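Student: Got a structure here, written out as structure tokens. Questions coming.
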Amino acid sequence: MRRMRRDDFSRRLMRENQLSVDDLIYPVFVLDGAGRTEIISSMPGVGRVSLDRLLEVAAHCVALGIPALALFPVIDPGLKTPGAEEAFNPDGLVPRTVRALKQQFPGLGVITDVALDPYTSHGQDGLIDTQGYVMNDATIAVLVQQALAHAEAGADVVAPSDMMDGRVGAIRNALDAAGYIHTRILAYAAKYASSFYGPFRDAVGSTANLGAGSKETYQMDPANSDEALREVALDIAEGADMVMVKPGMPYLDIVRRVKDTCGVPTYAYQVSGEYAMLKAAAANGWLDEKKCVLESLLSFKRAGADGILTYFAMDAAAWLRQAQSK
Ligand code: PBG
């Protein structure tokens, strides 16, 4: 085995997987106002920015060749309600941001998150009944309106991350009926009730709203893997164009099973907690940030992912470019 590993040329010739800028999706947090950048203490290097600043970030992404952004809104606490009405406001933060991005950077893919947690006063991804249980079909009715508002604003991809049953089919039907036949659906098909989302909830300000509430009645049990394949099969049957596994690194076995079994465009989300772990270790001098991040992203490719949503997208794109010009 070592003969082939001996020299760089033969290592390159037998290399099975490659990470490229085409594999990267950059998640961004947007807030209202102008000239605003807020730091997120648990996610060093990632900020919440107002639209003017986001357009600067988008320009960098375009220059680096990153194919798409995934938008996450930070909603003013005064706009959060039990019924999440702000989620489908046609002039809300997300639709305004999408319009501005598509106008300035028509070639940059814009992916919007379809879920109610940024908009609910209780921090759940859906509407709750008097017992606090997240109601499936009542939530879907709102998700459909939210997806339509995003599509109307020009979103290229809507990404339901709520884990209600049947939402992909409902959204596909509504999009088609309204003439948005080109709007793609990236379904968070296998989304786990993970504790690795902590820093994200700080970032969008839903931690306090959620309180002791958990998402275990709709997000998946980290113990399960066959169930992920059923989720993916359902979302594909309902019309998903792409599927997502989330979180990422601790769930690469799921990525591999999904890719092998279903063979559909499969993405993985290297979530906020994974980012925080790598950043913290690097900041302590315990890990080499660049090498470990690139290795982690390559591992997603080896597991079968077609792309990776990662807060390291801009760094990785710049590192890959440096490596190329050497
Ligand atoms: C919720 C949502 C979550 C993330 C993206 N959208 C987490 C949650 O279920 O609370 C997490 C992303 C991350 O941790 O980076 N719709």
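Each chain of the structure tokens is named A, B, ... in the order shown, its residues numbered from 1; ligands are numbered from 1 in display order.
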Go through chain A and flag each residue having an atom no more than 6 Å from ligand 1; for those, report the closest pair of atoms plus their distance in Å to one decimal, using only C-alpha atoms and all ligand atoms, ordered by chain and rising number, as JSON lines.
Tutor:
```
{"residue": "A:Ala115", "atom": "CA", "partner": "ligand 1", "partner_atom_place_in_ligand_line": "16 (N)", "distance": 5.0}
{"residue": "A:Asp117", "atom": "CA", "partner": "ligand 1", "partner_atom_place_in_ligand_line": "16 (N)", "distance": 5.7}
{"residue": "A:Asp125", "atom": "CA", "partner": "ligand 1", "partner_atom_place_in_ligand_line": "16 (N)", "distance": 5.9}
{"residue": "A:Ser161", "atom": "CA", "partner": "ligand 1", "partner_atom_place_in_ligand_line": "16 (N)", "distance": 5.0}
{"residue": "A:Asp162", "atom": "CA", "partner": "ligand 1", "partner_atom_place_in_ligand_line": "16 (N)", "distance": 5.5}
{"residue": "A:Tyr197", "atom": "CA", "partner": "ligand 1", "partner_atom_place_in_ligand_line": "14 (O)", "distance": 3.4}
{"residue": "A:Phe200", "atom": "CA", "partner": "ligand 1", "partner_atom_place_in_ligand_line": "14 (O)", "distance": 4.4}
{"residue": "A:Arg201", "atom": "CA", "partner": "ligand 1", "partner_atom_place_in_ligand_line": "10 (O)", "distance": 5.8}
{"residue": "A:Val271", "atom": "CA", "partner": "ligand 1", "partner_atom_place_in_ligand_line": "15 (O)", "distance": 3.5}
{"residue": "A:Ser272", "atom": "CA", "partner": "ligand 1", "partner_atom_place_in_ligand_line": "15 (O)", "distance": 3.5}
```
Student: Would you export the selected residues with C-alpha atoms as a PDB file, in the first residue's frame, please?
Tutor:
```pdb
ATOM      1  CA  ALA A 115     -39.579  27.171   9.716  1.00  0.00           C
ATOM      2  CA  ASP A 117     -38.794  29.354  15.196  1.00  0.00           C
ATOM      3  CA  ASP A 125     -40.661  25.632  14.808  1.00  0.00           C
ATOM      4  CA  SER A 161     -36.219  22.814   8.300  1.00  0.00           C
ATOM      5  CA  ASP A 162     -39.269  22.375  10.513  1.00  0.00           C
ATOM      6  CA  TYR A 197     -27.597  23.763  17.645  1.00  0.00           C
ATOM      7  CA  PHE A 200     -27.342  28.996  16.387  1.00  0.00           C
ATOM      8  CA  ARG A 201     -30.197  29.546  18.826  1.00  0.00           C
ATOM      9  CA  VAL A 271     -23.896  23.154  12.383  1.00  0.00           C
ATOM     10  CA  SER A 272     -23.099  25.925  14.800  1.00  0.00           C
TER      11      SER A 272
END
```
Student: Report the residues of stretch 188-257 of chain A whose backbone DSSP state falls under strand (DSSP E), written as a PyMOL selection string.
Tutor: chain A and resi 188-191+242-246
Student: Please identify every residue of stretch 199-310 of chain A that has at least one atom no farther than 10 Å from an atom of stretch 178-194 of chain A, counting only C-alpha atoms, and for each give the shortest atom pair and the distance in Å to one decimal, arranged by chain then increasing number, as a Markdown table.
Tutor:
```
| residue | atom | partner | partner_atom | distance |
| --- | --- | --- | --- | --- |
| A:Ser214 | CA | A:Ala193 | CA | 8.1 |
| A:Lys215 | CA | A:Ala193 | CA | 6.1 |
| A:Glu216 | CA | A:Ala193 | CA | 5.6 |
| A:Thr217 | CA | A:Ala193 | CA | 8.8 |
| A:Tyr218 | CA | A:Ala193 | CA | 8.0 |
| A:Gln219 | CA | A:Ala193 | CA | 4.7 |
| A:Met220 | CA | A:Tyr192 | CA | 4.2 |
| A:Asp221 | CA | A:Tyr192 | CA | 6.0 |
| A:Pro222 | CA | A:Tyr192 | CA | 5.9 |
| A:Ala223 | CA | A:Tyr192 | CA | 9.4 |
| A:Asn224 | CA | A:Tyr192 | CA | 9.1 |
| A:Ser225 | CA | A:Ala190 | CA | 9.1 |
| A:Glu227 | CA | A:Ala190 | CA | 8.4 |
| A:Ala228 | CA | A:Ala190 | CA | 5.2 |
| A:Leu229 | CA | A:Ala190 | CA | 8.0 |
| A:Arg230 | CA | A:Ala190 | CA | 9.1 |
| A:Glu231 | CA | A:Ala189 | CA | 5.7 |
| A:Val232 | CA | A:Ala189 | CA | 5.2 |
| A:Ala233 | CA | A:Ala189 | CA | 8.7 |
| A:Leu234 | CA | A:Ala189 | CA | 8.5 |
| A:Asp235 | CA | A:Ala189 | CA | 6.4 |
| A:Ile236 | CA | A:Ala187 | CA | 8.5 |
| A:Gly239 | CA | A:Ile185 | CA | 7.6 |
| A:Ala240 | CA | A:Ile185 | CA | 5.2 |
| A:Asp241 | CA | A:Ile185 | CA | 5.4 |
| A:Met242 | CA | A:Leu186 | CA | 4.6 |
| A:Val243 | CA | A:Ala187 | CA | 4.8 |
| A:Met244 | CA | A:Tyr188 | CA | 4.6 |
| A:Val245 | CA | A:Ala190 | CA | 4.9 |
| A:Lys246 | CA | A:Lys191 | CA | 4.9 |
| A:Pro247 | CA | A:Tyr192 | CA | 6.9 |
| A:Gly248 | CA | A:Lys191 | CA | 10.0 |
| A:Tyr251 | CA | A:Tyr192 | CA | 9.2 |
| A:Ile254 | CA | A:Ala190 | CA | 8.3 |
| A:Val255 | CA | A:Ala190 | CA | 9.3 |
| A:Val258 | CA | A:Ala190 | CA | 9.4 |
| A:Pro265 | CA | A:Leu186 | CA | 9.2 |
| A:Thr266 | CA | A:Leu186 | CA | 9.2 |
| A:Tyr267 | CA | A:Leu186 | CA | 8.8 |
| A:Ala268 | CA | A:Tyr188 | CA | 9.2 |
| A:Tyr269 | CA | A:Tyr188 | CA | 9.4 |
| A:Val271 | CA | A:Ser194 | CA | 9.8 |
| A:Gly273 | CA | A:Ser194 | CA | 9.6 |
```
Student: Got a sec: who's within 10 Å of A:Trp319, counting only C-alpha atoms, leaving out chain neighbours fewer than 4 positions off, as a list in words?
Tutor: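 The residues satisfying every condition are Val21, Lys290, Lys291, Leu294, Ala313, Met314, Asp315, Ala323 and Gln324 of chain A.
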Student: My list of candidates is A:Gln18, A:Asp129, A:Met135, A:Arg12. Which is closest to A:Ala303 when distances are computed with only C-alpha atoms?
Tutor: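 Ranked by minimum distance to A:Ala303, first place goes to A:Gln18.
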Student: From the set A:Val134, A:Val144, A:Leu24, A:Val157, which residue has the shortest atom-to-atom contact distance to A:Ile171, counting only C-alpha atoms?
Tutor: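 Nearest candidate to A:Ile171 out of A:Val134, A:Val144, A:Leu24, A:Val157: A:Val144.
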Student: Please provide as an NGL selection string all residues within 8 Å of A:Asn136, with the sequence filter that same-chain residues fewer than 5 positions apart are discarded (counting only C-alpha atoms).
Tutor: :A and (126 or 164-165)
Student: Let me see the file: selected residues, C-alpha atoms, as an mmCIF file, in the first residue's frame.
Tutor:
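Output (result-v3.cif):
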```cif
data_model
loop_
_atom_site.group_PDB
_atom_site.id
_atom_site.type_symbol
_atom_site.label_atom_id
_atom_site.label_comp_id
_atom_site.auth_asym_id
_atom_site.auth_seq_id
_atom_site.Cartn_x
_atom_site.Cartn_y
_atom_site.Cartn_z
ATOM 1 C CA GLY A 126 -44.446 25.442 14.592
ATOM 2 C CA MET A 164 -43.514 18.576 10.121
ATOM 3 C CA ASP A 165 -44.977 15.572 8.262
#
```
Student: Nearest to A:Asp156 among A:Ala174, A:Leu54, A:Ile308, A:Val110, with distances taken over only C-alpha atoms: which residue is it?
Tutor: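 Ranking A:Ala174, A:Leu54, A:Ile308, A:Val110 by distance to A:Asp156, first place goes to A:Val110.
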Student: Between A:Pro95, A:Arg15, A:Gln104, A:Asn89, which is the closest to A:Ala59 once you count only C-alpha atoms?
Tutor: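 With only C-alpha atoms as the atom set, the closest residue is A:Gln104.
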Student: Env of A:Leu143: 7 Å cut, atoms = only C-alpha atoms, seq-sep filter 4 positions within chain, self excluded. Answer as a list in words.
Tutor: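 The residues satisfying every condition are Val114, Ala115, Thr139 and Ala147 of chain A.
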Student: May I ask for the distance between atom CA of A:Arg302 and atom CA of A:Met43, given in Å to one decimal place?
Tutor: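 Interatomic distance here is 26.1 Å.
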Student: Using the chain letters and numbers from this document, which residues of stretch 97-141 of chain A does DSSP assign to helix (DSSP H, G or I), as a list in words?
Tutor: Thr97, Val98, Arg99, Ala100, Leu101, Lys102, Gln103, Gln104, Asn136, Asp137, Ala138, Thr139, Ile140 and Ala141 of chain A
Student: Between A:Leu51, A:Cys61, A:Leu175, A:Ala153, which residue has the minimum interatomic distance to A:Ile25, considering only C-alpha atoms?
Tutor: A:Cys61
Student: Rounded to one decimal in Å, what is the spacing between atom CA of A:Ser20 and atom CA of A:Ala318?
Tutor: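 Atom-to-atom, atom CA of A:Ser20 and atom CA of A:Ala318 are spaced 10.8 Å apart.
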Student: For A:His60, which residue among A:Tyr275, A:Ala317, A:Asp91, A:Lys301 is the nearest when counting only C-alpha atoms?
Tutor: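 Result for the nearest residue to A:His60: A:Ala317.
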